[in-house]
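Structure data (compact mmCIF, C-alpha atoms) from data-v6.txt:
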```txt
# COMPACT_ATOMS: atom_id res chain seq x y z
CA MET A 485 151.81 26.56 160.86
CA ALA A 486 150.84 23.11 161.89
CA MET A 487 152.04 21.69 165.17
CA THR A 488 154.74 19.08 164.94
CA MET A 489 156.41 16.44 167.06
CA HIS A 490 159.55 14.36 166.85
CA LEU A 491 159.34 10.78 165.66
CA ASP A 492 162.05 8.17 166.19
CA ILE A 493 161.80 4.67 164.77
CA VAL A 494 164.61 2.44 165.97
CA SER A 495 165.30 -1.28 166.01
CA ALA A 496 167.91 -3.10 168.08
CA GLU A 497 170.13 -3.46 165.04
CA GLN A 498 169.79 0.02 163.50
CA ALA A 499 168.11 3.40 163.62
CA ILE A 500 165.40 3.46 160.95
CA PHE A 501 163.88 6.93 160.96
CA SER A 502 164.26 10.15 162.88
CA GLY A 503 162.55 13.39 161.99
CA THR A 504 159.81 15.95 162.59
CA VAL A 505 156.32 14.85 161.69
CA GLU A 506 152.76 16.13 161.90
CA VAL A 507 150.92 12.89 162.52
CA VAL A 508 151.76 9.26 163.21
CA ILE A 509 149.47 6.28 162.63
CA ALA A 510 150.62 3.04 164.20
CA PRO A 511 149.18 -0.50 164.41
CA ALA A 512 148.75 -0.82 168.17
CA GLN A 513 147.71 -4.14 169.63
CA MET A 514 144.19 -2.92 170.47
CA GLY A 515 143.71 -1.39 167.03
CA GLU A 516 145.24 1.31 164.92
CA VAL A 517 146.04 4.57 166.71
CA GLY A 518 146.54 8.00 165.21
CA ILE A 519 148.80 10.31 167.19
CA HIS A 520 148.82 14.07 166.85
CA PRO A 521 151.12 16.44 168.74
CA ARG A 522 150.31 16.93 172.44
CA HIS A 523 148.87 13.48 172.76
CA THR A 524 148.90 12.28 176.35
CA GLN A 525 151.55 9.79 177.47
CA LEU A 526 150.82 6.36 176.08
CA LEU A 527 152.65 3.05 176.12
CA THR A 528 151.43 0.15 174.02
CA PRO A 529 152.74 -2.86 172.14
CA LEU A 530 152.55 -2.85 168.35
CA LYS A 531 151.35 -5.53 166.00
CA PRO A 532 153.31 -6.29 162.84
CA GLY A 533 152.21 -3.73 160.28
CA GLU A 534 152.83 -0.33 158.80
CA VAL A 535 153.74 2.77 160.77
CA ARG A 536 152.53 5.70 158.68
CA PHE A 537 153.53 9.32 159.20
CA VAL A 538 153.36 12.70 157.50
CA ARG A 539 156.52 14.74 157.49
CA GLU A 540 156.51 18.38 158.48
CA GLY A 541 155.28 20.54 155.59
CA SER A 542 154.56 17.57 153.38
CA GLN A 543 151.22 16.33 152.16
CA GLU A 544 152.26 12.80 151.41
CA GLU A 545 152.04 9.91 153.79
CA GLU A 546 155.12 7.73 154.18
CA SER A 547 155.14 4.29 155.70
CA ILE A 548 157.63 1.93 157.30
CA TYR A 549 156.96 -1.70 158.01
CA VAL A 550 157.65 -2.93 161.54
CA SER A 551 157.35 -6.51 162.73
CA GLY A 552 155.89 -5.53 166.07
CA GLY A 553 157.45 -3.59 168.90
CA ILE A 554 156.53 -0.95 171.42
CA LEU A 555 155.14 2.55 170.94
CA GLU A 556 155.90 5.25 173.45
CA VAL A 557 154.14 8.59 173.21
CA GLN A 558 155.22 11.73 175.05
CA PRO A 559 153.47 15.02 174.20
CA HIS A 560 156.17 16.07 171.72
CA VAL A 561 158.16 12.90 171.17
CA VAL A 562 156.96 9.64 169.71
CA THR A 563 159.26 6.61 169.84
CA VAL A 564 158.70 3.36 168.01
CA LEU A 565 160.90 0.58 169.39
CA SER A 566 160.67 -1.87 166.53
CA ASP A 567 161.39 -5.58 166.85
CA THR A 568 163.77 -7.16 164.40
CA ALA A 569 162.35 -10.62 164.86
CA VAL A 570 158.88 -12.02 164.63
CA ARG A 571 157.97 -12.54 168.25
CA ALA A 572 155.61 -15.10 169.59
CA ARG A 573 155.50 -16.80 172.96
CA ASP A 574 155.87 -20.27 171.45
CA LEU A 575 158.82 -19.25 169.30
CA ASP A 576 160.57 -17.68 172.29
CA GLU A 577 159.90 -20.79 174.32
CA ALA A 578 161.39 -22.99 171.59
CA ALA A 579 164.48 -20.80 171.40
CA ALA A 580 164.89 -20.98 175.17
CA LEU A 581 164.65 -24.76 175.13
CA GLU A 582 167.24 -24.90 172.40
CA ALA A 583 169.68 -22.79 174.40
CA LYS A 584 169.18 -25.02 177.43
CA LYS A 585 169.73 -28.12 175.35
CA ALA A 586 172.95 -26.71 173.95
CA ALA A 587 174.23 -26.16 177.49
CA GLU A 588 173.30 -29.69 178.50
CA GLU A 589 175.01 -31.11 175.45
CA ALA A 590 178.15 -29.20 176.30
CA LEU A 591 178.00 -30.75 179.77
CA GLN A 592 177.58 -34.19 178.24
CA GLU A 593 180.68 -33.58 176.20
CA GLN A 594 182.47 -32.66 179.36
CA LEU A 595 181.42 -35.94 180.93
CA SER A 596 182.86 -37.87 178.03
CA GLU A 597 186.04 -35.83 178.29
CA GLU A 598 186.23 -36.67 181.95
CA GLU A 599 185.79 -40.29 181.11
CA VAL A 600 188.63 -40.04 178.62
CA ALA A 601 190.83 -38.43 181.26
CA ALA A 602 189.95 -41.13 183.77
CA ALA A 603 190.67 -43.85 181.22
CA GLN A 604 193.99 -42.22 180.36
CA ALA A 605 194.96 -42.10 184.01
CA LYS A 606 194.13 -45.79 184.40
CA LEU A 607 196.12 -46.59 181.27
CA ALA A 608 199.13 -44.71 182.60
CA GLN A 609 198.85 -46.59 185.87
CA ALA A 610 198.68 -49.94 184.10
CA LEU A 611 201.69 -49.06 181.96
CA ALA A 612 203.70 -48.07 185.04
CA GLN A 613 202.78 -51.35 186.70
CA LEU A 614 203.83 -53.28 183.62
CA ARG A 615 207.16 -51.47 183.54
CA ALA A 616 207.73 -52.22 187.21
CA ILE A 617 207.02 -55.90 186.65
CA GLN A 618 209.36 -56.00 183.68
CA ASN A 619 212.11 -54.36 185.73
CA LEU A 620 211.63 -56.91 188.48
CA ARG A 621 211.88 -59.75 185.97
CA LYS A 622 215.08 -58.35 184.46
CA LYS A 623 216.63 -58.13 187.92
CA LYS A 624 215.66 -61.71 188.67
CA ILE A 625 217.21 -62.93 185.42
CA ALA A 626 220.39 -60.96 186.12
CA ARG A 627 220.71 -62.66 189.46
CA MET B 1500 226.36 -23.21 164.55
CA ALA B 1501 223.54 -24.21 162.26
CA SER B 1502 224.49 -24.72 158.64
CA GLY B 1503 223.35 -22.39 155.87
CA LYS B 1504 220.67 -24.69 154.57
CA GLU B 1505 219.05 -25.21 157.95
CA ILE B 1506 218.86 -21.48 158.56
CA ARG B 1507 217.40 -20.96 155.10
CA THR B 1508 214.52 -23.39 155.70
CA GLN B 1509 213.89 -21.78 159.06
CA ILE B 1510 213.69 -18.34 157.47
CA LYS B 1511 211.29 -19.67 154.88
CA SER B 1512 208.92 -21.17 157.44
CA ILE B 1513 208.91 -17.99 159.52
CA LYS B 1514 208.15 -16.00 156.39
CA ASN B 1515 205.15 -18.21 155.72
CA THR B 1516 203.89 -17.70 159.26
CA GLN B 1517 204.38 -13.98 158.86
CA LYS B 1518 202.28 -14.01 155.71
CA ILE B 1519 199.43 -15.66 157.60
CA THR B 1520 199.58 -13.32 160.57
CA ARG B 1521 199.70 -10.30 158.29
CA ALA B 1522 196.65 -11.51 156.37
CA MET B 1523 194.79 -12.12 159.64
CA GLU B 1524 195.73 -8.65 160.79
CA MET B 1525 194.21 -7.08 157.71
CA VAL B 1526 191.08 -9.20 157.88
CA ALA B 1527 190.62 -8.27 161.53
CA ALA B 1528 191.10 -4.58 160.71
CA SER B 1529 188.35 -4.56 158.10
CA LYS B 1530 186.03 -6.63 160.29
CA MET B 1531 186.66 -4.29 163.18
CA ARG B 1532 185.47 -1.32 161.15
CA LYS B 1533 182.25 -3.14 160.30
CA ALA B 1534 181.75 -4.22 163.90
CA GLN B 1535 182.19 -0.63 165.03
CA ASP B 1536 179.54 0.50 162.56
CA ARG B 1537 177.19 -2.15 163.90
CA MET B 1538 177.98 -1.04 167.42
CA SER B 1539 177.01 2.54 166.72
CA ALA B 1540 173.93 1.40 164.76
CA SER B 1541 172.54 -0.49 167.74
CA ARG B 1542 173.18 2.33 170.18
CA PRO B 1543 170.07 4.50 169.47
CA TYR B 1544 167.72 1.65 170.35
CA ALA B 1545 169.33 1.05 173.74
CA GLN B 1546 169.36 4.81 174.32
CA LYS B 1547 165.66 5.22 173.49
CA MET B 1548 164.84 2.18 175.54
CA ARG B 1549 166.69 3.66 178.50
CA ASN B 1550 164.71 6.88 178.08
CA VAL B 1551 161.42 5.01 178.17
CA ILE B 1552 162.47 3.04 181.25
CA HIS B 1553 163.56 6.31 182.82
CA HIS B 1554 160.17 7.86 182.06
CA LEU B 1555 158.49 4.79 183.44
CA ALA B 1556 160.40 5.08 186.71
CA GLN B 1557 159.47 8.75 186.94
CA ALA B 1558 155.83 8.01 186.34
CA HIS B 1559 153.75 6.43 189.05
CA PRO B 1560 152.79 3.11 187.57
CA GLU B 1561 149.99 1.16 189.12
CA TYR B 1562 152.19 -1.90 188.60
CA LYS B 1563 155.74 -2.16 189.94
CA HIS B 1564 157.76 -4.55 187.84
CA PRO B 1565 159.87 -7.16 189.70
CA TYR B 1566 162.91 -6.11 187.64
CA LEU B 1567 162.88 -2.80 189.47
CA LEU B 1568 162.72 -4.29 192.97
CA ASP B 1569 165.82 -5.23 194.94
CA ARG B 1570 166.06 -8.68 196.45
CA GLU B 1571 168.62 -10.06 198.85
CA PRO B 1572 171.43 -11.44 196.65
CA LYS B 1573 171.57 -15.16 197.42
CA ARG B 1574 171.76 -16.56 193.91
CA ILE B 1575 173.78 -14.71 191.31
CA GLY B 1576 173.43 -15.12 187.58
CA TYR B 1577 175.97 -14.09 184.96
CA ILE B 1578 175.61 -13.75 181.22
CA VAL B 1579 179.18 -14.12 179.95
CA ILE B 1580 180.01 -12.90 176.46
CA SER B 1581 183.22 -14.12 174.86
CA SER B 1582 184.59 -14.65 171.38
CA ASP B 1583 184.16 -17.87 169.43
CA ARG B 1584 187.74 -17.99 168.24
CA GLY B 1585 191.11 -17.47 169.86
CA LEU B 1586 194.22 -15.66 168.61
CA CYS B 1587 193.04 -12.40 170.07
CA GLY B 1588 195.60 -11.82 172.79
CA GLY B 1589 194.48 -11.85 176.39
CA LEU B 1590 190.99 -10.58 175.63
CA ASN B 1591 189.00 -13.56 176.88
CA ASN B 1592 191.39 -14.52 179.64
CA ASN B 1593 191.34 -11.05 181.17
CA LEU B 1594 187.57 -11.14 181.17
CA PHE B 1595 187.40 -14.61 182.71
CA ARG B 1596 189.94 -13.68 185.39
CA ASP B 1597 187.86 -10.67 186.43
CA LEU B 1598 184.73 -12.79 186.45
CA LEU B 1599 186.33 -15.56 188.53
CA LYS B 1600 187.43 -12.96 191.07
CA ASP B 1601 183.87 -11.62 191.24
CA ILE B 1602 182.41 -15.12 191.52
CA GLY B 1603 184.86 -15.90 194.31
CA GLN B 1604 183.72 -12.82 196.22
CA TRP B 1605 180.07 -13.80 195.97
CA GLN B 1606 180.81 -17.38 196.91
CA SER B 1607 182.69 -16.29 200.00
CA GLN B 1608 179.48 -14.51 200.99
CA GLY B 1609 177.61 -17.77 200.57
CA ALA B 1610 175.86 -16.97 197.30
CA SER B 1611 175.36 -19.58 194.63
CA ILE B 1612 176.24 -18.99 191.00
CA ALA B 1613 174.50 -19.69 187.69
CA LEU B 1614 176.02 -18.94 184.33
CA CYS B 1615 174.89 -18.37 180.79
CA THR B 1616 177.64 -18.37 178.20
CA ILE B 1617 177.65 -16.73 174.81
CA GLY B 1618 180.61 -17.67 172.61
CA GLN B 1619 182.70 -20.80 172.29
CA LYS B 1620 185.54 -19.70 174.55
CA ALA B 1621 183.33 -18.99 177.54
CA THR B 1622 181.45 -22.25 177.03
CA VAL B 1623 184.64 -24.28 177.07
CA PHE B 1624 186.19 -22.32 179.94
CA PHE B 1625 183.22 -22.49 182.28
CA ARG B 1626 182.20 -26.04 181.44
CA ASN B 1627 184.11 -27.39 184.40
CA LEU B 1628 182.65 -24.83 186.78
CA GLY B 1629 179.23 -26.37 186.19
CA SER B 1630 175.90 -24.59 186.62
CA VAL B 1631 175.83 -23.37 183.03
CA LYS B 1632 172.15 -22.89 182.37
CA ALA B 1633 172.18 -21.88 178.73
CA GLN B 1634 174.58 -21.10 175.96
CA ALA B 1635 174.81 -19.73 172.46
CA THR B 1636 177.81 -20.18 170.20
CA HIS B 1637 178.82 -19.52 166.60
CA LEU B 1638 176.91 -16.27 166.26
CA GLY B 1639 179.28 -15.09 163.56
CA ASP B 1640 180.48 -11.56 162.95
CA ALA B 1641 177.01 -10.10 162.45
CA PRO B 1642 174.83 -11.58 165.17
CA ALA B 1643 171.07 -11.21 164.96
CA LEU B 1644 169.00 -10.49 168.01
CA THR B 1645 166.99 -13.60 167.18
CA ASP B 1646 169.97 -15.80 168.05
CA LEU B 1647 170.08 -14.40 171.57
CA ILE B 1648 166.40 -14.38 172.53
CA GLY B 1649 166.32 -17.98 173.74
CA THR B 1650 169.52 -17.71 175.76
CA ILE B 1651 168.38 -14.56 177.50
CA LYS B 1652 164.91 -15.94 178.14
CA VAL B 1653 166.35 -18.85 180.11
CA MET B 1654 168.00 -16.39 182.51
CA LEU B 1655 164.98 -14.08 182.71
CA ASP B 1656 162.70 -17.04 183.39
CA ALA B 1657 165.03 -18.14 186.18
CA TYR B 1658 164.88 -14.61 187.60
CA ASP B 1659 161.09 -14.55 187.36
CA ALA B 1660 160.88 -17.92 189.08
CA GLY B 1661 163.04 -16.64 191.93
CA GLU B 1662 165.99 -18.89 191.08
CA LEU B 1663 168.16 -15.83 190.63
CA ASP B 1664 168.29 -12.64 192.68
CA ARG B 1665 170.81 -10.73 190.60
CA LEU B 1666 171.80 -10.87 186.96
CA TYR B 1667 175.08 -9.51 185.64
CA LEU B 1668 176.31 -9.02 182.10
CA VAL B 1669 180.01 -9.74 181.56
CA TYR B 1670 181.65 -8.46 178.39
CA ASN B 1671 184.49 -6.40 177.00
CA GLU B 1672 183.90 -2.70 176.54
CA PHE B 1673 185.38 -1.14 173.44
CA VAL B 1674 187.38 1.89 174.59
CA ASN B 1675 189.56 2.22 171.50
CA THR B 1676 191.56 -0.01 169.19
CA MET B 1677 194.35 -0.51 171.73
CA THR B 1678 192.22 -0.77 174.85
CA GLN B 1679 189.41 -3.14 175.71
CA LYS B 1680 188.05 -3.09 179.22
CA PRO B 1681 186.40 -6.10 180.90
CA VAL B 1682 183.10 -4.99 182.40
CA ILE B 1683 180.72 -6.67 184.84
CA GLU B 1684 177.47 -4.76 184.58
CA GLN B 1685 174.36 -5.28 186.65
CA LEU B 1686 171.33 -6.06 184.49
CA LEU B 1687 168.75 -7.06 187.10
CA PRO B 1688 167.37 -5.61 189.18
CA ILE B 1689 167.73 -2.57 186.97
CA PRO B 1690 170.09 -0.29 188.88
CA HIS B 1691 168.25 2.86 189.89
CA GLU B 1692 170.91 5.37 190.80
CA ASP B 1693 169.73 7.61 187.96
CA TYR B 1694 166.11 7.38 189.02
CA ASP B 1695 166.18 9.97 191.77
CA ALA B 1696 164.98 12.63 189.35
CA GLU B 1697 162.77 15.40 190.65
CA LEU B 1698 159.11 14.50 190.74
CA LYS B 1699 157.57 17.34 188.85
CA HIS B 1700 153.97 16.36 188.90
CA HIS B 1701 151.90 13.27 189.13
CA TRP B 1702 151.48 11.58 185.77
CA ASP B 1703 151.30 8.13 184.34
CA TYR B 1704 151.10 6.49 180.95
CA ILE B 1705 147.95 5.18 179.45
CA TYR B 1706 148.70 1.49 179.10
CA GLU B 1707 147.01 -0.50 176.39
CA PRO B 1708 145.89 -3.24 176.88
CA ASP B 1709 147.14 -3.24 180.52
CA ALA B 1710 150.16 -2.12 182.46
CA LYS B 1711 151.55 -5.57 183.24
CA ALA B 1712 151.61 -6.83 179.66
CA VAL B 1713 153.15 -3.63 178.33
CA VAL B 1714 155.80 -3.26 181.01
CA ASP B 1715 156.71 -6.96 180.83
CA GLY B 1716 157.26 -6.71 177.09
CA LEU B 1717 159.25 -3.54 177.52
CA MET B 1718 161.52 -4.92 180.23
CA MET B 1719 162.25 -8.07 178.25
CA ARG B 1720 163.20 -6.03 175.21
CA PHE B 1721 165.30 -3.71 177.33
CA ILE B 1722 167.40 -6.55 178.74
CA GLU B 1723 167.69 -8.12 175.30
CA SER B 1724 168.90 -4.89 173.79
CA LEU B 1725 171.54 -4.52 176.52
CA VAL B 1726 172.81 -8.04 175.93
CA TYR B 1727 172.78 -7.52 172.18
CA GLN B 1728 174.75 -4.31 172.63
CA GLY B 1729 177.24 -6.25 174.74
CA VAL B 1730 177.61 -8.94 172.10
CA VAL B 1731 178.19 -6.44 169.32
CA GLU B 1732 180.66 -4.49 171.43
CA ASN B 1733 182.50 -7.68 172.33
CA ILE B 1734 182.89 -8.51 168.64
CA ALA B 1735 184.43 -5.12 167.98
CA CYS B 1736 186.79 -5.78 170.92
CA GLU B 1737 187.67 -9.22 169.58
CA MET B 1738 188.59 -7.83 166.17
CA ALA B 1739 190.61 -4.99 167.65
CA ALA B 1740 192.47 -7.35 169.99
CA ARG B 1741 193.14 -9.78 167.17
CA MET B 1742 194.42 -7.01 164.95
CA VAL B 1743 196.86 -5.85 167.62
CA ALA B 1744 197.96 -9.40 168.47
CA MET B 1745 198.54 -10.26 164.82
CA LYS B 1746 200.42 -7.03 164.22
CA SER B 1747 202.84 -7.78 167.04
CA ALA B 1748 203.17 -11.36 165.78
CA SER B 1749 204.08 -10.06 162.31
CA ASP B 1750 206.57 -7.64 163.83
CA ASN B 1751 208.16 -10.37 165.92
CA ALA B 1752 208.44 -12.60 162.87
CA GLY B 1753 210.13 -9.72 161.05
CA SER B 1754 212.78 -9.23 163.70
CA LEU B 1755 213.34 -12.98 163.93
CA ILE B 1756 213.89 -13.12 160.18
CA ASP B 1757 216.40 -10.25 160.40
CA GLU B 1758 218.39 -12.08 163.06
CA LEU B 1759 218.37 -15.34 161.14
CA GLN B 1760 219.37 -13.55 157.95
CA LEU B 1761 222.40 -12.14 159.74
CA ALA B 1762 223.31 -15.56 161.09
CA TYR B 1763 222.88 -17.03 157.63
CA ASN B 1764 225.13 -14.42 156.02
CA LYS B 1765 227.81 -14.97 158.65
CA ALA B 1766 227.67 -18.73 158.18
CA ARG B 1767 227.97 -18.35 154.41
CA GLN B 1768 230.88 -15.92 154.75
CA ALA B 1769 232.63 -18.24 157.18
CA ALA B 1770 232.22 -21.12 154.73
CA ILE B 1771 233.68 -19.07 151.87
CA THR B 1772 236.59 -17.88 153.98
CA GLN B 1773 237.36 -21.41 155.04
CA GLU B 1774 237.23 -22.66 151.48
CA LEU B 1775 239.55 -19.90 150.32
CA SER B 1776 242.08 -20.50 153.06
CA GLU B 1777 242.03 -24.19 152.22
CA ILE B 1778 242.72 -23.46 148.56
CA VAL B 1779 245.49 -21.03 149.45
CA ALA B 1780 247.02 -23.49 151.88
CA GLY B 1781 246.78 -26.21 149.25
CA ALA B 1782 248.49 -23.99 146.64
CA ALA B 1783 251.26 -23.07 149.10
CA ALA B 1784 251.93 -26.71 149.84
CA VAL B 1785 252.46 -27.56 146.17
```

Represent the structure from my file as structure tokens, please.
Amino acid sequence: MAMTMHLDIVSAEQAIFSGTVEVVIAPAQMGEVGIHPRHTQLLTPLKPGEVRFVREGSQEEESIYVSGGILEVQPHVVTVLSDTAVRARDLDEAAALEAKKAAEEALQEQLSEEEVAAAQAKLAQALAQLRAIQNLRKKKIAR
Amino acid sequence: MASGKEIRTQIKSIKNTQKITRAMEMVAASKMRKAQDRMSASRPYAQKMRNVIHHLAQAHPEYKHPYLLDREPKRIGYIVISSDRGLCGGLNNNLFRDLLKDIGQWQSQGASIALCTIGQKATVFFRNLGSVKAQATHLGDAPALTDLIGTIKVMLDAYDAGELDRLYLVYNEFVNTMTQKPVIEQLLPIPHEDYDAELKHHWDYIYEPDAKAVVDGLMMRFIESLVYQGVVENIACEMAARMVAMKSASDNAGSLIDELQLAYNKARQAAITQELSEIVAGAAAV
């Protein structure tokens, strides 16, 4: 009987595959790697591409597309941590800038709200003064 | 006492409100089920990721990642996860109260605070506190990891640059439908109480292309997966809390309607009795 190992393919949003396989072929960043059972411990990023594997007792190769991720190999367990998004440094940077901008905009809004509050306070003050003046006038007329 | 007509319009308006709250209750219930599914779907990834990090800590890497090293906590960062919408009971307020208490403790020790808010409610609440570095809102009921990457990167960059010494994740933990627990969890440095495993023998990974690149990528994804998990869990909490809040609102409306109905019946009976006695008195006078 052929030797086997356990393969898990998971992404942050769902578990994709879990089962016993005979061989795994993955698109590592430095080139495609084929993993057989009892491979030494290995940790490497994956490029977008196909992860191919042969199930226990089957002749056929199956494949699952991953858009990058990380491959961890232990002698009897192989884990593919698949990305759900297309990752690139520039894209990440852009997303980060966007998040920062959103926070700044929220602060801007706050400023305008503060201005509104300040204006309202001034308005209330002015109204009170007006009322006081009117009261004074009424009293004068009454006299 | 209010007249019959007034009570009737009141009953009608309460009934309309009750219809709305009941509909919201049912919507929340179905959304909660979906959110729970999503929660359990994202769990294996975080679990596997934790295993790999665990292995990594057991190995003897040539490169120690800064996320694993403790620094003196002078500047504290929080990633706060809240809901976008209200009408979910005290869910957000309980969370914010716990967080404010925690912030107060750090501040009394002379630490400075930086925040990152996810969700409309947190953004509005913490706007006045200042020092909000990044935010993400309107993620919807089925958030994608893509929506969070930027927000998280701002905080991780700040940590890398030494602007933060600690990073906490603040969210509601889904215990069950009736109970949601506010949690403040330490993200960075990665807490290592479970790292004191026995060192069996000396081994290390083969890193391709090199240890730094691989471990950096891994750590970033690990933190992202934890935050994503928090967001998904918080959505399940939001739906559960809303369901419970709307159920009690519907129940309250029901009892209010019962009371008003009684008052209405009494008023009507009183009116009839009065009319009758007037007629009888009129007949007797003739």

- With a distance cut-off of 10 Å and all atoms listed in the file, select the neighbouring residues of B:Ser1502, excluding the residue or stretch itself and same-chain residues fewer than 4 positions from it, and output the selection as JSON, numbers by chain. {"B": [1506, 1507, 1762, 1763, 1766, 1767, 1770]}

- Query: When you draw a straight line from atom CA of B:Met1677 to atom CA of B:Met1745, how long is it in Å?
  - Reply: 12.7 Å

Give me, as CSV, each residue of chain A that comes within 8 Å of chain B, together with its shortest interatomic pair and the distance in Å at one decimal, counting all atoms listed in the file, with rows ordered by chain and rising residue number.
```
residue,atom,partner,partner_atom,distance
A:Val494,CA,B:Tyr1544,CA,5.4
A:Ser495,CA,B:Tyr1544,CA,5.8
A:Ala496,CA,B:Tyr1544,CA,5.3
A:Glu497,CA,B:Ser1541,CA,4.7
A:Gln498,CA,B:Ala1540,CA,4.5
A:Ala499,CA,B:Ala1540,CA,6.3
A:Gln513,CA,B:Pro1708,CA,7.5
A:Met514,CA,B:Pro1708,CA,6.6
A:Thr524,CA,B:Tyr1704,CA,7.7
A:Gln525,CA,B:Tyr1704,CA,4.8
A:Leu526,CA,B:Ile1705,CA,4.6
A:Leu527,CA,B:Tyr1706,CA,5.2
A:Thr528,CA,B:Glu1707,CA,5.1
A:Pro529,CA,B:Val1713,CA,6.3
A:Ile554,CA,B:Leu1717,CA,7.2
A:Glu556,CA,B:Val1551,CA,7.3
A:Thr563,CA,B:Lys1547,CA,7.5
A:Leu565,CA,B:Tyr1544,CA,7.0
A:Thr568,CA,B:Leu1644,CA,7.2
A:Ala569,CA,B:Thr1645,CA,6.0
A:Asp576,CA,B:Gly1649,CA,5.9
A:Glu577,CA,B:Gly1649,CA,7.0
A:Ala578,CA,B:Gly1649,CA,7.4
A:Ala579,CA,B:Gly1649,CA,4.1
A:Ala580,CA,B:Gly1649,CA,3.6
A:Leu581,CA,B:Gly1649,CA,7.1
A:Glu582,CA,B:Gly1649,CA,7.1
A:Ala583,CA,B:Ala1633,CA,5.1
A:Lys584,CA,B:Ala1633,CA,4.5
A:Lys585,CA,B:Ala1633,CA,7.5
A:Ala586,CA,B:Gln1634,CA,6.2
A:Ala587,CA,B:Ala1633,CA,4.9
A:Glu588,CA,B:Ala1633,CA,7.9
A:Ala590,CA,B:Arg1626,CA,7.3
A:Leu591,CA,B:Arg1626,CA,6.5
A:Gln594,CA,B:Arg1626,CA,6.9
```

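Proximity of B:Ile1580, B:Leu1761, B:Ile1722, B:Val1785 to B:Glu1737, computed with only C-alpha atoms, is greatest for B:Ile1580.
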
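In this model, the gap between atom CA of B:Leu1666 and atom CA of B:Lys1620 comes to 20.5 Å.
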
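If you look at atom CA of A:Ala510 and atom CA of B:His1553, they are 22.9 Å away from each other.
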
B:Arg1532: which residues within 12 Å, counting only C-alpha atoms, same-chain residues fewer than 3 positions away excluded, as a tab-separated table (two decimals) with C-alpha atoms, in the frame of the given file?
```tsv
chain	number	residue	atom	x	y	z
B	1525	MET	CA	194.21	-7.08	157.71
B	1526	VAL	CA	191.08	-9.20	157.88
B	1527	ALA	CA	190.62	-8.27	161.53
B	1528	ALA	CA	191.10	-4.58	160.71
B	1529	SER	CA	188.35	-4.56	158.10
B	1535	GLN	CA	182.19	-0.63	165.03
B	1536	ASP	CA	179.54	0.50	162.56
B	1537	ARG	CA	177.19	-2.15	163.90
B	1538	MET	CA	177.98	-1.04	167.42
B	1539	SER	CA	177.01	2.54	166.72
B	1640	ASP	CA	180.48	-11.56	162.95
B	1675	ASN	CA	189.56	2.22	171.50
B	1676	THR	CA	191.56	-0.01	169.19
B	1732	GLU	CA	180.66	-4.49	171.43
B	1734	ILE	CA	182.89	-8.51	168.64
B	1735	ALA	CA	184.43	-5.12	167.98
B	1736	CYS	CA	186.79	-5.78	170.92
B	1737	GLU	CA	187.67	-9.22	169.58
B	1738	MET	CA	188.59	-7.83	166.17
B	1739	ALA	CA	190.61	-4.99	167.65
B	1742	MET	CA	194.42	-7.01	164.95
```

- Find, counting only C-alpha atoms, the residue in A:Ser502, A:Leu530, A:Arg615, A:His490 that gets nearest to A:Gln558. A:His490

- Task: Fewer than 5 positions away in the same chain doesn't count, so skip those; otherwise give me all residues within 9 Å of A:Leu491, counting all atoms listed in the file, as a PyMOL selection string.
- Result: chain A and resi 501-505+508+537+560-564
